[in-house]
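Heads up, the thing below is written out as structure tokens.
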Amino acid sequence: MSQIRVRFGPSPTGNLHVGGLRTALYDYLFAKKNKGTYILRIEDTDKARTVPGALDNIVQTLHELGLTSDEGPYWNNGVKVRGDFGPYQQSERLSLYSKHAGELVKNKHAYYCFCTPERLEELRNTQEAAHQPPKYDKHCLKLTPEEVNQKLLNQEKHVVRLNVPADQTITFTDMVHGEISISSNDVDDQVLLKSDGYPTYHLASVVDDHLMKISHVIRGEEWIPSTPKHILLYAAFEWDQPQFAHLPLLLSKSKKKLSKRDGDVAVKDFLKQGYLPEALINFVVFLGWNPKTEQEIFTIDELVEQFSFGKVNKSGAVFDLDKLDWINGMYIRKMDVKELYDKILLFLPEAETKPKSFIYKILELERERLKKLSEIGERVKYFFSDPEYDPKLLIWKKASKENIKRNLSSTYEHIRSQEVSEDSIKKFIEENNLKTGEVLWPLRVALTGMEASPGPFEIMDTFMVLPNGKELILNRINKAISSL
RNA sequence: GGCCCUAUCGUCUAAUGGUUAGGACGCCAGGUUUUCAUCCUGGUAAUCGGGGUCCGAUUCCCCGUGGGGCUGCCA
């Protein structure tokens, strides 16, 4: 069997979004599973929509997620491209497309079209008014060779169109959907080469897929209706056609195709919020695929091992973040503190001003509470500065203010004179016949000023890592007492 | 409008021509607990409708219906 080669072909019209990530991931998994090659190809054939910087974002984001291509534009390594089939950016391959378009014209599989946008629009309007499907009427196919030559000599604006034959049924076997048939009568004479000399997606992808020896075309389901055009092109060139796998669409909450307009779908934004790359991948891979077992958490290697198109399902998946939060939490809990420390610095710059041992302790406490790294600052701010809070928060359930004040005072005294430890305080509570909640709740609030936080013993243990830990603790208790 | 794809809990999904239709997230309740989180236990909730085929269909077929995509010199 020949080499498996797949490509991910984003167009650089914005940041990489989750739909693109999912496609890239399936490309990657399929390639790795089959010892094949995973190629990145930038499909920048629309000058108007190309966004400066988008290419870098895509390449770099993929790299951050571990989906670095085997061939393609390369990320930040002094090397711009690697692979023997480049350039991997379609805007740098224009002559290839015009050459191939010319061949098609010569063989009558395509023809020059000089119709103005105005005429095309009028045609469409007429057809729609008559409840006809909008289709090009092959007007320019009727031009004589002399007329065509004259117009070309006059440098009239023109495009090249695919000459779609009538009454053919085009059938192909999709790796996800099985057999799909479409009548050529429903296929329009697609523009292949635009008047600015750039190819459309259809020409460019077919030419490149052939030239780059792509064995499997993996892309979104929205391409199914134009696959017959591509098949016609392969046939016109007398090229072998690749296998096709059309992935189910990713849907917004309103079940529409997910687009950049649906808010936070840029992968970069998820990273910025403190979603871990592994978690993102683990989440996204399940949108349209599952291992047929009950395992939920997968390493990338396990995914490579398990992946196949037989396990890709056919219907669209709603992109819903609840489960991502859960997965991210799982990954955070599994991480060791040192690793977490490295990742958290971005989100907690003040950590760098404190001893590592102190931050490690904090992270141990927060590790099982965090859903995303970006939450860390708000959660642990009391470790870095005295908390501000309403003194009412100190009152445990229905306890009286006086009781709380008295308890805090004796706790203060106890901590001041004794070693700070859980055992010692528990013993103190017991010996003085106090209610646990009436001591520990106000103590915790005095330390954190928060309604919810780790327990007071854990917090005090953490403070005690600092040379002035005990002093800090006593100050806060003291402040609480005087606020009552 | 035309063409194409698609249909199991709210969401991601599993299953088989015969099951109490399973799991996960979410949600709810309980346990642990000073609060929160973690953890544990339990609960909630689904086969779009109608015909067929069959001893038996959620599963296979047909017809509807719903949803989605495409219908650009966008990709």
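The way I read the labels, and the way they are meant: chains A, B, ... in the order of the structure tokens, residue 1 as the first residue of every chain, and ligand 1 as the first ligand shown, with later ones counted on from there.
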
Would you mind listing, for every residue of chain B within 6 Å of chain A, the two atoms forming the shortest contact and the distance between them in Å to one decimal, using only C-alpha atoms (C1' of nucleotides), sorted by chain and ascending residue number, as JSON lines?
```
{"residue": "B:G1", "atom": "C1'", "partner": "A:His131", "partner_atom": "CA", "distance": 5.6}
{"residue": "B:G2", "atom": "C1'", "partner": "A:Pro133", "partner_atom": "CA", "distance": 5.4}
{"residue": "B:U6", "atom": "C1'", "partner": "A:Ser315", "partner_atom": "CA", "distance": 5.5}
{"residue": "B:G23", "atom": "C1'", "partner": "A:Glu294", "partner_atom": "CA", "distance": 5.9}
{"residue": "B:C25", "atom": "C1'", "partner": "A:Lys323", "partner_atom": "CA", "distance": 4.8}
{"residue": "B:U34", "atom": "C1'", "partner": "A:Gly437", "partner_atom": "CA", "distance": 4.5}
{"residue": "B:U35", "atom": "C1'", "partner": "A:Ala452", "partner_atom": "CA", "distance": 5.2}
{"residue": "B:C36", "atom": "C1'", "partner": "A:Ala452", "partner_atom": "CA", "distance": 4.3}
{"residue": "B:A37", "atom": "C1'", "partner": "A:Arg369", "partner_atom": "CA", "distance": 4.7}
{"residue": "B:U38", "atom": "C1'", "partner": "A:Glu368", "partner_atom": "CA", "distance": 5.8}
{"residue": "B:G69", "atom": "C1'", "partner": "A:Glu222", "partner_atom": "CA", "distance": 5.3}
{"residue": "B:C70", "atom": "C1'", "partner": "A:Pro225", "partner_atom": "CA", "distance": 5.7}
{"residue": "B:C73", "atom": "C1'", "partner": "A:Lys194", "partner_atom": "CA", "distance": 4.7}
```

Atoms to include: N, CA and C atoms (P, O5', C5', C4', C3', O3' and C1' of nucleotides). Write the selected residues as a CSV table (one decimal), in the first residue's frame.
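Below you can see selection.csv, which holds the result:
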```
chain,number,residue,atom,x,y,z
B,1,G,P,-38.8,25.3,0.2
B,1,G,O5',-38.5,25.5,-1.4
B,1,G,C5',-39.5,25.5,-2.3
B,1,G,C4',-38.8,25.6,-3.7
B,1,G,C3',-37.8,24.5,-4.0
B,1,G,O3',-38.4,23.4,-4.5
B,1,G,C1',-36.8,26.6,-4.4
B,2,G,P,-38.0,21.9,-4.2
B,2,G,O5',-36.5,21.8,-4.9
B,2,G,C5',-36.5,21.6,-6.3
B,2,G,C4',-35.1,21.6,-6.8
B,2,G,C3',-34.2,20.5,-6.1
B,2,G,O3',-34.3,19.3,-6.7
B,2,G,C1',-33.1,22.6,-6.0
B,6,U,P,-25.7,10.5,5.8
B,6,U,O5',-26.3,11.2,7.0
B,6,U,C5',-25.5,11.6,8.1
B,6,U,C4',-26.3,12.4,9.1
B,6,U,C3',-27.4,11.6,9.8
B,6,U,O3',-26.9,10.9,10.9
B,6,U,C1',-28.2,13.7,9.1
B,23,G,P,-25.1,3.6,33.2
B,23,G,O5',-23.8,4.3,32.6
B,23,G,C5',-22.5,3.6,32.7
B,23,G,C4',-21.5,4.4,31.9
B,23,G,C3',-21.3,5.8,32.3
B,23,G,O3',-20.5,6.0,33.5
B,23,G,C1',-21.4,5.6,30.0
B,25,C,P,-18.9,12.6,34.9
B,25,C,O5',-19.2,13.9,34.1
B,25,C,C5',-18.2,14.6,33.5
B,25,C,C4',-18.8,15.8,32.7
B,25,C,C3',-19.8,16.6,33.4
B,25,C,O3',-19.1,17.6,34.2
B,25,C,C1',-20.7,16.1,31.3
B,34,U,P,-16.0,19.2,60.6
B,34,U,O5',-16.6,20.5,59.9
B,34,U,C5',-17.5,21.3,60.6
B,34,U,C4',-17.4,22.7,60.1
B,34,U,C3',-17.4,22.8,58.6
B,34,U,O3',-18.6,22.8,58.0
B,34,U,C1',-15.7,24.2,59.5
B,35,U,P,-18.9,22.2,56.6
B,35,U,O5',-18.6,23.5,55.7
B,35,U,C5',-19.5,24.6,55.7
B,35,U,C4',-19.1,25.6,54.7
B,35,U,C3',-18.8,25.1,53.3
B,35,U,O3',-20.0,25.0,52.6
B,35,U,C1',-17.0,26.5,54.1
B,36,C,P,-20.1,23.9,51.5
B,36,C,O5',-19.0,24.3,50.4
B,36,C,C5',-19.2,25.4,49.6
B,36,C,C4',-17.9,25.6,48.8
B,36,C,C3',-17.5,24.5,47.9
B,36,C,O3',-18.3,24.4,46.8
B,36,C,C1',-15.6,25.4,49.0
B,37,A,P,-18.6,23.0,46.1
B,37,A,O5',-17.2,22.4,45.7
B,37,A,C5',-16.5,23.0,44.6
B,37,A,C4',-15.1,22.5,44.5
B,37,A,C3',-14.9,21.0,44.3
B,37,A,O3',-15.1,20.6,43.0
B,37,A,C1',-13.5,21.8,46.0
B,38,U,P,-15.7,19.2,42.6
B,38,U,O5',-14.5,18.2,43.2
B,38,U,C5',-13.3,18.2,42.5
B,38,U,C4',-12.3,17.3,43.4
B,38,U,C3',-12.7,15.9,43.5
B,38,U,O3',-12.3,15.1,42.4
B,38,U,C1',-12.0,16.8,45.6
B,69,G,P,-26.2,25.5,8.5
B,69,G,O5',-25.4,24.7,7.3
B,69,G,C5',-24.2,24.1,7.6
B,69,G,C4',-23.7,23.3,6.4
B,69,G,C3',-23.7,24.0,5.0
B,69,G,O3',-22.5,24.8,4.9
B,69,G,C1',-24.8,22.0,4.7
B,70,C,P,-22.5,26.1,4.0
B,70,C,O5',-22.7,25.6,2.5
B,70,C,C5',-21.7,24.8,1.9
B,70,C,C4',-22.2,24.3,0.6
B,70,C,C3',-22.7,25.4,-0.4
B,70,C,O3',-21.6,26.0,-1.0
B,70,C,C1',-24.2,23.6,-0.3
B,73,C,P,-19.0,33.1,-8.6
B,73,C,O5',-17.5,33.4,-8.8
B,73,C,C5',-16.6,32.5,-8.8
B,73,C,C4',-15.2,33.1,-8.4
B,73,C,C3',-15.4,34.2,-7.3
B,73,C,O3',-14.3,33.9,-6.5
B,73,C,C1',-14.5,35.1,-9.4
```

- Task: Mind listing the strand (DSSP E or B) residues of range 86-219 of chain A, per DSSP on the backbone, as a list in words?
- Result: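 Secondary structure check on range 86-219 of chain A, strand (DSSP E or B): Gln89, Ala110, Tyr111, Tyr112, Cys113, Val159, Val160, Arg161, Leu162, Thr169, Ile170, Thr171, Phe172, Thr173, Asp174, Gly178, Glu179, Ile180, Ser181, Ile182, Ser183, Val191, Leu192, Leu193, Pro199, His216, Val217, Ile218 and Arg219 of chain A.
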
Please dump the current selection as a compact mmCIF listing (two decimals), in the first residue's frame; keep C-alpha atoms.
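Result file out-v3.txt:
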```
# COMPACT_ATOMS: atom_id res chain seq x y z
CA GLN A 89 1.40 28.21 0.59
CA ALA A 110 -12.70 23.93 -19.10
CA TYR A 111 -13.32 27.14 -20.98
CA TYR A 112 -12.76 30.86 -20.78
CA CYS A 113 -15.65 32.92 -19.54
CA VAL A 159 -12.10 33.45 -15.69
CA VAL A 160 -11.70 29.77 -16.44
CA ARG A 161 -14.70 27.57 -15.79
CA LEU A 162 -15.02 23.83 -15.45
CA THR A 169 -23.98 10.41 -11.94
CA ILE A 170 -20.92 11.00 -9.87
CA THR A 171 -20.47 8.51 -7.10
CA PHE A 172 -17.78 8.23 -4.51
CA THR A 173 -17.25 6.32 -1.32
CA ASP A 174 -16.73 8.49 1.70
CA GLY A 178 -20.29 5.59 2.73
CA GLU A 179 -21.51 5.89 -0.84
CA ILE A 180 -22.64 9.31 -2.02
CA SER A 181 -24.08 10.02 -5.48
CA ILE A 182 -24.75 13.36 -7.07
CA SER A 183 -26.01 14.11 -10.56
CA VAL A 191 -14.90 28.99 -11.72
CA LEU A 192 -11.44 27.43 -11.46
CA LEU A 193 -9.24 30.39 -12.15
CA PRO A 199 -7.23 29.75 -8.40
CA HIS A 216 -6.71 10.98 1.89
CA VAL A 217 -8.66 14.20 1.83
CA ILE A 218 -10.01 14.90 5.29
CA ARG A 219 -12.23 17.95 5.56
```

* **Residues within 10 Å of Pro242 in chain A, only C-alpha atoms (C1' of nucleotides), excluding chain neighbours under 3 positions, as a list in words** =>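 Contacts, with the query itself left out: Arg5, Val6, Val206, Asp209, His210, Lys213, Ile214, Ser215, His216, Val217, Ile218, Ile231, Tyr234, Trp239 and Ala245 of chain A.
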
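Nearest-residue note for A21 in chain B: choosing from B:C62, B:C9, B:C40, B:G49, the minimum distance belongs to B:C9, counting only C-alpha atoms (C1' of nucleotides).
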
query = Could you state the separation of CA of Ser410 in chain A and CA of Thr462 in chain A in Å, given to one decimal place?
reply =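 Taking CA of Ser410 in chain A as the start and CA of Thr462 in chain A as the end point, the length is 21.8 Å.
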
Q.
Which residues are near Tyr360 in chain A? Cut-off 12 Å, only C-alpha atoms (C1' of nucleotides), ignore same chain within fewer than 6 positions. Put them as an NGL selection string.
A. :A and (336-342 or 344-345 or 351-352 or 354 or 366-367 or 462-463 or 465)

I need the chosen residues saved as a PDB file, in the first residue's frame, with C-alpha atoms.
```
ATOM      1  CA  ASP A 336       2.452  17.660  39.472  1.00  0.00           C
ATOM      2  CA  VAL A 337       3.041  20.939  41.278  1.00  0.00           C
ATOM      3  CA  LYS A 338       6.264  21.779  39.521  1.00  0.00           C
ATOM      4  CA  GLU A 339       4.608  21.497  36.163  1.00  0.00           C
ATOM      5  CA  LEU A 340       1.655  23.480  37.374  1.00  0.00           C
ATOM      6  CA  TYR A 341       3.995  26.132  38.731  1.00  0.00           C
ATOM      7  CA  ASP A 342       5.564  26.660  35.320  1.00  0.00           C
ATOM      8  CA  ILE A 344       0.678  29.231  36.319  1.00  0.00           C
ATOM      9  CA  LEU A 345       3.277  32.005  36.305  1.00  0.00           C
ATOM     10  CA  ALA A 351       4.111  34.242  42.418  1.00  0.00           C
ATOM     11  CA  GLU A 352       7.585  35.101  41.212  1.00  0.00           C
ATOM     12  CA  LYS A 354       7.561  34.728  46.714  1.00  0.00           C
ATOM     13  CA  GLU A 366      -5.767  24.860  44.516  1.00  0.00           C
ATOM     14  CA  ARG A 367      -4.955  22.054  42.182  1.00  0.00           C
ATOM     15  CA  THR A 462       1.037  27.342  53.896  1.00  0.00           C
ATOM     16  CA  PHE A 463       1.696  30.660  55.612  1.00  0.00           C
ATOM     17  CA  VAL A 465       6.429  28.346  55.045  1.00  0.00           C
TER      18      VAL A 465
END
```

Within 12 Å of Glu64 in chain A, counting only C-alpha atoms (C1' of nucleotides), which residues qualify if same-chain residues fewer than 5 places away don't, as a PyMOL selection string? chain A and resi 16+21+56-59+69+75-76+267-268+271-272+276-278+280-281

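Between Lys311 in chain A and the residues A:Leu250, A:Lys392, A:Val285, A:Lys479, the shortest atom-to-atom distance, using only C-alpha atoms, involves A:Val285.
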
Practice problem: Compile the contact shell of Phe85 in chain A as a VMD selection string: residues with an atom at most 12 Å away, counting only C-alpha atoms (C1' of nucleotides), same-chain residues fewer than 2 positions apart removed. | Solution: chain A and resid 5 7 37 39 to 41 70 to 73 81 to 83 87 to 90 93 208 to 214

Just-selected residues, C-alpha atoms written as a short mmCIF file (atom, residue, chain, number, x, y, z; two decimals), in the first residue's frame:
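Below is the file that was written, again21.cif:
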```cif
data_model
loop_
_atom_site.label_atom_id
_atom_site.label_comp_id
_atom_site.auth_asym_id
_atom_site.auth_seq_id
_atom_site.Cartn_x
_atom_site.Cartn_y
_atom_site.Cartn_z
CA ARG A 5 -0.26 11.46 3.19
CA ARG A 7 -2.99 17.64 4.67
CA THR A 37 2.79 12.13 6.75
CA ILE A 39 1.13 18.15 6.02
CA LEU A 40 0.11 21.72 6.64
CA ARG A 41 -0.84 23.68 3.56
CA ASP A 70 5.75 16.94 9.16
CA GLU A 71 5.76 19.10 6.07
CA GLY A 72 4.67 22.67 5.66
CA PRO A 73 5.45 26.16 6.82
CA VAL A 81 9.51 25.47 5.22
CA ARG A 82 10.27 21.83 5.38
CA GLY A 83 9.29 19.04 3.06
CA PRO A 87 5.93 25.74 -1.41
CA TYR A 88 3.17 24.95 1.05
CA GLN A 89 1.40 28.21 0.59
CA GLN A 90 -0.91 28.39 -2.38
CA ARG A 93 2.14 28.36 -6.44
CA ASP A 208 -1.96 20.47 -4.91
CA ASP A 209 -3.40 17.26 -3.54
CA HIS A 210 -2.17 15.52 -6.64
CA LEU A 211 1.21 17.20 -6.71
CA MET A 212 1.73 16.65 -3.00
CA LYS A 213 0.64 13.03 -3.33
CA ILE A 214 -2.17 13.37 -0.85
#
```

Would you list, as a PyMOL selection string, the residues of range 373-415 of chain A that end up in helix (DSSP H, G or I) under DSSP run on this structure's backbone? chain A and resi 373-379+381-383+391-394+401-415

Atom-to-atom span, CA of Asn328 in chain A and CA of Val312 in chain A, Å:
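About the pair CA of Asn328 in chain A and CA of Val312 in chain A: they are 23.1 Å apart.
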